[in-house]
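Shown next: input_29.pdb, given as PDB, C-alpha atoms and all ligand atoms.
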```pdb
MODEL        1
ATOM      1  CA  MET C 845      71.663  68.452 127.700  1.00  0.00           C
ATOM      2  CA  ASP C 846      72.623  70.687 124.830  1.00  0.00           C
ATOM      3  CA  ASP C 847      70.066  73.309 125.800  1.00  0.00           C
ATOM      4  CA  LYS C 848      71.013  73.568 129.464  1.00  0.00           C
ATOM      5  CA  TRP C 849      71.967  77.197 128.934  1.00  0.00           C
ATOM      6  CA  ILE C 850      68.505  77.953 127.586  1.00  0.00           C
ATOM      7  CA  LEU C 851      66.989  76.668 130.764  1.00  0.00           C
ATOM      8  CA  HIS C 852      69.501  78.678 132.733  1.00  0.00           C
ATOM      9  CA  ASP C 853      68.469  81.818 130.856  1.00  0.00           C
ATOM     10  CA  GLN C 854      64.841  81.067 131.407  1.00  0.00           C
ATOM     11  CA  ILE C 855      65.233  80.352 135.082  1.00  0.00           C
ATOM     12  CA  SER C 856      67.085  83.612 135.646  1.00  0.00           C
ATOM     13  CA  ILE C 857      64.324  85.500 133.865  1.00  0.00           C
ATOM     14  CA  GLN C 858      61.641  83.601 135.662  1.00  0.00           C
ATOM     15  CA  ASN C 859      63.196  84.651 138.937  1.00  0.00           C
ATOM     16  CA  THR C 860      62.602  88.251 137.956  1.00  0.00           C
ATOM     17  CA  ILE C 861      58.999  87.697 136.957  1.00  0.00           C
ATOM     18  CA  GLN C 862      57.854  85.475 139.773  1.00  0.00           C
ATOM     19  CA  GLY C 863      54.168  85.002 140.094  1.00  0.00           C
ATOM     20  CA  ARG C 864      53.314  86.274 136.648  1.00  0.00           C
ATOM     21  CA  LEU C 865      53.442  83.040 134.699  1.00  0.00           C
ATOM     22  CA  GLN C 866      49.801  82.325 135.517  1.00  0.00           C
ATOM     23  CA  HIS C 867      48.915  85.078 133.055  1.00  0.00           C
ATOM     24  CA  PHE C 868      50.486  83.126 130.233  1.00  0.00           C
ATOM     25  CA  GLN C 869      47.825  82.974 127.517  1.00  0.00           C
ATOM     26  CA  LEU C 870      49.067  80.569 124.870  1.00  0.00           C
ATOM     27  CA  GLN C 871      46.874  77.559 124.499  1.00  0.00           C
ATOM     28  CA  SER C 872      48.101  74.042 124.404  1.00  0.00           C
ATOM     29  CA  ASP C 873      46.811  70.888 125.949  1.00  0.00           C
ATOM     30  CA  LEU C 874      50.046  69.000 126.100  1.00  0.00           C
ATOM     31  CA  GLU C 875      51.902  68.962 129.370  1.00  0.00           C
ATOM     32  CA  SER C 876      55.172  67.426 128.191  1.00  0.00           C
ATOM     33  CA  GLY C 877      58.461  69.004 129.248  1.00  0.00           C
ATOM     34  CA  GLN C 878      59.227  70.215 125.739  1.00  0.00           C
ATOM     35  CA  GLU C 879      55.793  71.783 125.352  1.00  0.00           C
ATOM     36  CA  ASN C 880      55.992  73.551 128.700  1.00  0.00           C
ATOM     37  CA  LYS C 881      59.469  74.815 127.939  1.00  0.00           C
ATOM     38  CA  CYS C 882      58.171  76.273 124.664  1.00  0.00           C
ATOM     39  CA  LYS C 883      55.153  77.858 126.355  1.00  0.00           C
ATOM     40  CA  VAL C 884      57.348  79.565 128.932  1.00  0.00           C
ATOM     41  CA  PHE C 885      59.696  80.708 126.194  1.00  0.00           C
ATOM     42  CA  MET C 886      56.862  82.167 124.104  1.00  0.00           C
ATOM     43  CA  TRP C 887      55.439  83.984 127.098  1.00  0.00           C
ATOM     44  CA  ILE C 888      58.838  85.537 127.726  1.00  0.00           C
ATOM     45  CA  LEU C 889      59.257  86.334 124.024  1.00  0.00           C
ATOM     46  CA  SER C 890      55.835  87.974 123.813  1.00  0.00           C
ATOM     47  CA  LYS C 891      56.860  90.207 126.731  1.00  0.00           C
ATOM     48  CA  GLU C 892      60.148  90.911 124.922  1.00  0.00           C
ATOM     49  CA  LYS C 893      62.062  89.710 127.959  1.00  0.00           C
ATOM     50  CA  ILE C 894      64.230  87.035 126.357  1.00  0.00           C
ATOM     51  CA  LEU C 895      67.915  87.696 126.840  1.00  0.00           C
ATOM     52  CA  THR C 896      68.671  89.161 123.455  1.00  0.00           C
ATOM     53  CA  ALA C 897      71.474  91.732 123.145  1.00  0.00           C
ATOM     54  CA  ASP C 898      69.197  94.737 123.751  1.00  0.00           C
ATOM     55  CA  ASN C 899      68.003  93.287 127.066  1.00  0.00           C
ATOM     56  CA  LEU C 900      71.488  92.158 128.057  1.00  0.00           C
ATOM     57  CA  GLN C 901      72.780  95.679 127.403  1.00  0.00           C
ATOM     58  CA  LYS C 902      70.107  97.138 129.666  1.00  0.00           C
ATOM     59  CA  ARG C 903      71.427  94.864 132.411  1.00  0.00           C
ATOM     60  CA  ARG C 904      75.015  95.780 131.486  1.00  0.00           C
ATOM     61  CA  TRP C 905      75.828  92.133 130.860  1.00  0.00           C
ATOM     62  CA  PRO C 906      78.446  91.205 128.250  1.00  0.00           C
ATOM     63  CA  CYS C 907      76.923  90.100 124.960  1.00  0.00           C
ATOM     64  CA  HIS C 908      77.191  89.830 121.198  1.00  0.00           C
ATOM     65  CA  GLU C 909      75.754  93.107 120.007  1.00  0.00           C
ATOM     66  CA  HIS C 910      74.842  92.037 116.505  1.00  0.00           C
ATOM     67  CA  CYS C 911      72.429  89.357 115.448  1.00  0.00           C
ATOM     68  CA  VAL C 912      74.463  86.169 115.083  1.00  0.00           C
ATOM     69  CA  LEU C 913      72.033  84.741 112.545  1.00  0.00           C
ATOM     70  CA  CYS C 914      72.660  87.428 109.892  1.00  0.00           C
ATOM     71  CA  ASN C 915      75.560  89.468 111.336  1.00  0.00           C
ATOM     72  CA  GLY C 916      73.167  92.374 111.014  1.00  0.00           C
ATOM     73  CA  PRO C 917      71.726  94.925 113.401  1.00  0.00           C
ATOM     74  CA  LEU C 918      71.360  94.951 117.172  1.00  0.00           C
ATOM     75  CA  GLU C 919      69.795  91.713 118.316  1.00  0.00           C
ATOM     76  CA  THR C 920      66.253  92.303 119.591  1.00  0.00           C
ATOM     77  CA  SER C 921      63.538  89.742 120.114  1.00  0.00           C
ATOM     78  CA  VAL C 922      61.506  90.891 117.096  1.00  0.00           C
ATOM     79  CA  HIS C 923      64.591  90.936 114.876  1.00  0.00           C
ATOM     80  CA  LEU C 924      65.796  87.510 115.946  1.00  0.00           C
ATOM     81  CA  SER C 925      62.428  85.823 115.756  1.00  0.00           C
ATOM     82  CA  PHE C 926      61.004  87.512 112.671  1.00  0.00           C
ATOM     83  CA  ASN C 927      62.630  90.487 110.926  1.00  0.00           C
ATOM     84  CA  CYS C 928      66.032  88.835 110.435  1.00  0.00           C
ATOM     85  CA  ALA C 929      66.738  87.639 106.871  1.00  0.00           C
ATOM     86  CA  PHE C 930      67.828  84.235 108.248  1.00  0.00           C
ATOM     87  CA  ALA C 931      64.637  83.979 110.306  1.00  0.00           C
ATOM     88  CA  LYS C 932      62.552  84.965 107.274  1.00  0.00           C
ATOM     89  CA  ALA C 933      64.145  82.184 105.205  1.00  0.00           C
ATOM     90  CA  VAL C 934      63.305  79.683 107.949  1.00  0.00           C
ATOM     91  CA  TRP C 935      59.699  80.919 108.281  1.00  0.00           C
ATOM     92  CA  ASN C 936      59.292  80.763 104.524  1.00  0.00           C
ATOM     93  CA  GLN C 937      60.500  77.151 104.326  1.00  0.00           C
ATOM     94  CA  VAL C 938      58.324  76.036 107.240  1.00  0.00           C
ATOM     95  CA  PHE C 939      55.223  77.748 105.819  1.00  0.00           C
ATOM     96  CA  ILE C 940      55.776  76.080 102.436  1.00  0.00           C
ATOM     97  CA  TRP C 941      56.159  72.638 104.040  1.00  0.00           C
ATOM     98  CA  GLU C 942      53.075  73.171 106.186  1.00  0.00           C
ATOM     99  CA  GLY C 943      50.956  74.523 103.330  1.00  0.00           C
ATOM    100  CA  ILE C 944      50.549  77.997 104.851  1.00  0.00           C
ATOM    101  CA  ASN C 945      50.307  81.053 102.628  1.00  0.00           C
ATOM    102  CA  THR C 946      53.734  82.752 102.703  1.00  0.00           C
ATOM    103  CA  ASP C 947      52.063  86.133 102.004  1.00  0.00           C
ATOM    104  CA  LEU C 948      51.213  86.138 105.706  1.00  0.00           C
ATOM    105  CA  LEU C 949      54.896  86.763 106.375  1.00  0.00           C
ATOM    106  CA  GLN C 950      54.599  90.071 104.507  1.00  0.00           C
ATOM    107  CA  MET C 951      51.522  91.346 106.336  1.00  0.00           C
ATOM    108  CA  GLN C 952      53.642  93.828 108.251  1.00  0.00           C
ATOM    109  CA  ASP C 953      56.775  95.127 106.633  1.00  0.00           C
ATOM    110  CA  GLU C 954      59.004  95.171 109.711  1.00  0.00           C
ATOM    111  CA  PRO C 955      56.849  94.836 112.802  1.00  0.00           C
ATOM    112  CA  ASN C 956      58.122  96.549 115.949  1.00  0.00           C
ATOM    113  CA  HIS C 957      56.887  93.682 118.061  1.00  0.00           C
ATOM    114  CA  PHE C 958      56.548  90.024 117.164  1.00  0.00           C
ATOM    115  CA  ARG C 959      53.226  89.911 118.963  1.00  0.00           C
ATOM    116  CA  THR C 960      51.646  92.537 116.676  1.00  0.00           C
ATOM    117  CA  TRP C 961      52.383  90.408 113.600  1.00  0.00           C
ATOM    118  CA  TRP C 962      51.070  87.267 115.282  1.00  0.00           C
ATOM    119  CA  GLU C 963      47.880  88.988 116.443  1.00  0.00           C
ATOM    120  CA  GLN C 964      47.241  90.357 112.967  1.00  0.00           C
ATOM    121  CA  VAL C 965      47.800  87.040 111.239  1.00  0.00           C
ATOM    122  CA  VAL C 966      45.806  84.708 113.494  1.00  0.00           C
ATOM    123  CA  PRO C 967      42.369  86.042 112.368  1.00  0.00           C
ATOM    124  CA  GLN C 968      43.385  85.173 108.775  1.00  0.00           C
ATOM    125  CA  ILE C 969      43.740  81.516 109.737  1.00  0.00           C
ATOM    126  CA  SER C 970      40.576  79.411 109.753  1.00  0.00           C
ATOM    127  CA  LYS C 971      39.477  78.498 113.256  1.00  0.00           C
ATOM    128  CA  ASP C 972      40.121  74.796 112.867  1.00  0.00           C
ATOM    129  CA  GLN C 973      43.695  75.508 111.712  1.00  0.00           C
ATOM    130  CA  ARG C 974      44.641  77.951 114.473  1.00  0.00           C
ATOM    131  CA  ARG C 975      45.906  75.420 116.927  1.00  0.00           C
ATOM    132  CA  LYS C 976      48.154  73.943 114.262  1.00  0.00           C
ATOM    133  CA  PHE C 977      49.269  77.412 113.195  1.00  0.00           C
ATOM    134  CA  ASN C 978      50.105  78.519 116.724  1.00  0.00           C
ATOM    135  CA  GLY C 979      52.121  75.354 117.219  1.00  0.00           C
ATOM    136  CA  ILE C 980      54.107  76.175 114.086  1.00  0.00           C
ATOM    137  CA  VAL C 981      54.741  79.723 115.313  1.00  0.00           C
ATOM    138  CA  ILE C 982      55.892  78.499 118.711  1.00  0.00           C
ATOM    139  CA  TYR C 983      58.273  75.878 117.340  1.00  0.00           C
ATOM    140  CA  THR C 984      59.705  78.269 114.768  1.00  0.00           C
ATOM    141  CA  CYS C 985      60.517  80.939 117.359  1.00  0.00           C
ATOM    142  CA  TRP C 986      61.845  78.328 119.759  1.00  0.00           C
ATOM    143  CA  ASN C 987      64.186  76.804 117.172  1.00  0.00           C
ATOM    144  CA  LEU C 988      65.438  80.204 116.003  1.00  0.00           C
ATOM    145  CA  TRP C 989      66.356  80.931 119.619  1.00  0.00           C
ATOM    146  CA  LYS C 990      68.098  77.552 119.922  1.00  0.00           C
ATOM    147  CA  GLU C 991      70.058  78.222 116.716  1.00  0.00           C
ATOM    148  CA  ARG C 992      71.117  81.598 118.074  1.00  0.00           C
ATOM    149  CA  ASN C 993      72.326  79.923 121.274  1.00  0.00           C
ATOM    150  CA  ARG C 994      74.101  77.122 119.412  1.00  0.00           C
ATOM    151  CA  ARG C 995      76.047  79.737 117.463  1.00  0.00           C
ATOM    152  CA  ILE C 996      76.989  81.778 120.530  1.00  0.00           C
ATOM    153  CA  PHE C 997      77.699  79.017 123.022  1.00  0.00           C
ATOM    154  CA  ASN C 998      78.691  76.010 120.896  1.00  0.00           C
ATOM    155  CA  ASN C 999      80.032  77.702 117.773  1.00  0.00           C
ATOM    156  CA  VAL C1000      77.816  75.444 115.679  1.00  0.00           C
ATOM    157  CA  PHE C1001      76.087  76.949 112.645  1.00  0.00           C
ATOM    158  CA  GLN C1002      73.143  75.524 110.761  1.00  0.00           C
ATOM    159  CA  SER C1003      71.551  76.703 107.531  1.00  0.00           C
ATOM    160  CA  PRO C1004      67.951  77.974 107.326  1.00  0.00           C
ATOM    161  CA  SER C1005      66.943  74.628 105.767  1.00  0.00           C
ATOM    162  CA  GLU C1006      68.535  72.668 108.603  1.00  0.00           C
ATOM    163  CA  VAL C1007      66.779  74.811 111.223  1.00  0.00           C
ATOM    164  CA  ALA C1008      63.509  74.446 109.309  1.00  0.00           C
ATOM    165  CA  ALA C1009      63.993  70.658 109.325  1.00  0.00           C
ATOM    166  CA  ARG C1010      64.355  70.719 113.135  1.00  0.00           C
ATOM    167  CA  ILE C1011      61.107  72.691 113.349  1.00  0.00           C
ATOM    168  CA  LYS C1012      59.364  70.180 111.115  1.00  0.00           C
ATOM    169  CA  GLU C1013      60.603  67.404 113.401  1.00  0.00           C
ATOM    170  CA  ASP C1014      59.137  69.189 116.456  1.00  0.00           C
ATOM    171  CA  ILE C1015      55.842  69.836 114.666  1.00  0.00           C
ATOM    172  CA  ASP C1016      55.557  66.199 113.563  1.00  0.00           C
ATOM    173  CA  GLN C1017      56.394  64.991 117.065  1.00  0.00           C
ATOM    174  CA  ARG C1018      53.677  67.244 118.520  1.00  0.00           C
ATOM    175  CA  ARG C1019      51.222  65.935 115.953  1.00  0.00           C
ATOM    176  CA  ARG C1020      52.023  62.329 116.905  1.00  0.00           C
ATOM    177  CA  ALA C1021      51.635  63.173 120.599  1.00  0.00           C
ATOM    178  CA  LEU C1022      48.269  64.847 119.973  1.00  0.00           C
ATOM    179  CA  ARG C1023      47.087  61.801 118.037  1.00  0.00           C
ATOM    180  CA  THR C1024      48.145  59.550 120.886  1.00  0.00           C
ATOM    181  CA  PHE C1025      46.994  61.640 123.842  1.00  0.00           C
ATOM    182  CA  GLY C1026      44.705  64.263 122.302  1.00  0.00           C
TER     183      GLY C1026
HETATM  184 ZN    ZN C1101      69.532  88.815 112.016  1.00  0.00          ZN
ENDMDL
END
```
Could I get this file's structure written as structure tokens?
Ligand SMILES: [Zn+2]
Amino acid sequence: MDDKWILHDQISIQNTIQGRLQHFQLQSDLESGQENKCKVFMWILSKEKILTADNLQKRRWPCHEHCVLCNGPLETSVHLSFNCAFAKAVWNQVFIWEGINTDLLQMQDEPNHFRTWWEQVVPQISKDQRRKFNGIVIYTCWNLWKERNRRIFNNVFQSPSEVAARIKEDIDQRRRALRTFG
């Protein structure tokens, strides 16, 4: 599996946060492996515990210091998933495809935490669209993380449009699954 290392990362983090996963708040009714993997990832991301460079440095583990998506500043979870110029281009493309107002991406200039942006934006989304919106957020963050790992571990680079297309694929797949099982 091309994302074996992601699971490895997640398992090592999970070992340090045993017993706390039951507090995971994100809502989703699907129980597929992909969906669960994303839910666990988002829980870890919302706690800022994913193994970005800042967290690896705290553990004194070797790492790429700079964001590999933009060759910019120190890689943190909020930078990688939102503040990064590459990430912003991906978000923008996905929002356009999904018919979501791209002004929402500007609601906070450079949030210090991804969660604060998400919590501010969700009330702006109509209630019947929130589930869809949260799914889009989850798959965007998840695919940005996978792109980061592809670059570091496989030396494979994709453009913002290519990453956005992968997100669209995940979103469409989720939609089909919800139609079938929802
Ligand atoms: Zn960056």
Name the closest residue to Gly916 in chain C among the candidates C:Met951, C:Ile944, C:Leu900, C:Ala931; distances are taken between atoms, counting only C-alpha atoms.
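Closest to Gly916 in chain C, using only C-alpha atoms: C:Ala931.
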Rows by chain and residue number, chain C within 9 Å of ligand ZN 1101 (chain C), shortest pair, only C-alpha atoms and all ligand atoms, as a Markdown table:
```
| residue | atom | partner | partner_atom | distance |
| --- | --- | --- | --- | --- |
| C:His910 | CA | C:ZN1101 | ZN | 7.7 |
| C:Cys911 | CA | C:ZN1101 | ZN | 4.5 |
| C:Val912 | CA | C:ZN1101 | ZN | 6.4 |
| C:Leu913 | CA | C:ZN1101 | ZN | 4.8 |
| C:Cys914 | CA | C:ZN1101 | ZN | 4.0 |
| C:Asn915 | CA | C:ZN1101 | ZN | 6.1 |
| C:Gly916 | CA | C:ZN1101 | ZN | 5.2 |
| C:Pro917 | CA | C:ZN1101 | ZN | 6.6 |
| C:Leu918 | CA | C:ZN1101 | ZN | 8.2 |
| C:Glu919 | CA | C:ZN1101 | ZN | 6.9 |
| C:Thr920 | CA | C:ZN1101 | ZN | 9.0 |
| C:His923 | CA | C:ZN1101 | ZN | 6.1 |
| C:Leu924 | CA | C:ZN1101 | ZN | 5.6 |
| C:Ser925 | CA | C:ZN1101 | ZN | 8.6 |
| C:Phe926 | CA | C:ZN1101 | ZN | 8.7 |
| C:Asn927 | CA | C:ZN1101 | ZN | 7.2 |
| C:Cys928 | CA | C:ZN1101 | ZN | 3.8 |
| C:Ala929 | CA | C:ZN1101 | ZN | 6.0 |
| C:Phe930 | CA | C:ZN1101 | ZN | 6.2 |
| C:Ala931 | CA | C:ZN1101 | ZN | 7.1 |
```
Can you tell me which residues surround range 980-988 of chain C at a distance of at most 6 Å, considering only C-alpha atoms, apart from same-chain residues fewer than 2 positions away, and format the answer as a list in words?
Ser925, Phe977, Asn978, Lys990, Glu991 and Ile1011 of chain C
Selection to disk with C-alpha atoms, as a JSON list (two decimals), in the frame of the given file:
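To be explicit, this is the file written out as again22.json:
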```json
[["chain", "number", "residue", "atom", "x", "y", "z"],
["C", 925, "SER", "CA", 62.43, 85.82, 115.76],
["C", 977, "PHE", "CA", 49.27, 77.41, 113.20],
["C", 978, "ASN", "CA", 50.10, 78.52, 116.72],
["C", 990, "LYS", "CA", 68.10, 77.55, 119.92],
["C", 991, "GLU", "CA", 70.06, 78.22, 116.72],
["C", 1011, "ILE", "CA", 61.11, 72.69, 113.35]]
```
Using only C-alpha atoms, the residue out of C:Lys971, C:Lys932, C:His908, C:Lys976 with shortest distance to Thr946 in chain C is C:Lys932
Using the file's own x, y and z axes, what box holds all listed atoms of range 914-922 of chain C with 4 Å on each side, keeping edges along x, y and z, and what are its centre and edge lengths in Å to one decimal, as JSON?
```
{"center_x": 68.5, "center_y": 91.2, "center_z": 115.0, "size_x": 22.1, "size_y": 15.5, "size_z": 18.2}
```
Matched chain/residue IDs from the PyMOL selection byres (((chain C and resi 949) around 9) and not hetatm), as an MDAnalysis selection string
chainID C and resid 926 932 935:936 945:948 950:953 961 965
Which residues fall under the PyMOL selection byres (((chain C and resi 1001-1004) around 9) and not hetatm) in this file, as a list in words?
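This file gives the following for the PyMOL selection byres (((chain C and resi 1001-1004) around 9) and not hetatm): Leu913, Phe930, Ala931, Lys932, Ala933, Val934, Trp935, Gln937, Glu991, Arg992, Arg994, Arg995, Asn998, Asn999, Val1000, Ser1005, Glu1006, Val1007, Ala1008 and Ala1009 of chain C.
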At what distance in Å, to one decimal, does CA of Asn899 in chain C lie from CA of Trp887 in chain C?
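Calculated distance between CA of Trp887 in chain C and CA of Asn899 in chain C is 15.6 Å.
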Shortest interatomic distance to Trp989 in chain C - which of C:Ser890, C:Phe958, C:Thr896, C:Asn880, counting all atoms listed in the file:
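For Trp989 in chain C, the nearest of the given residues is C:Thr896.
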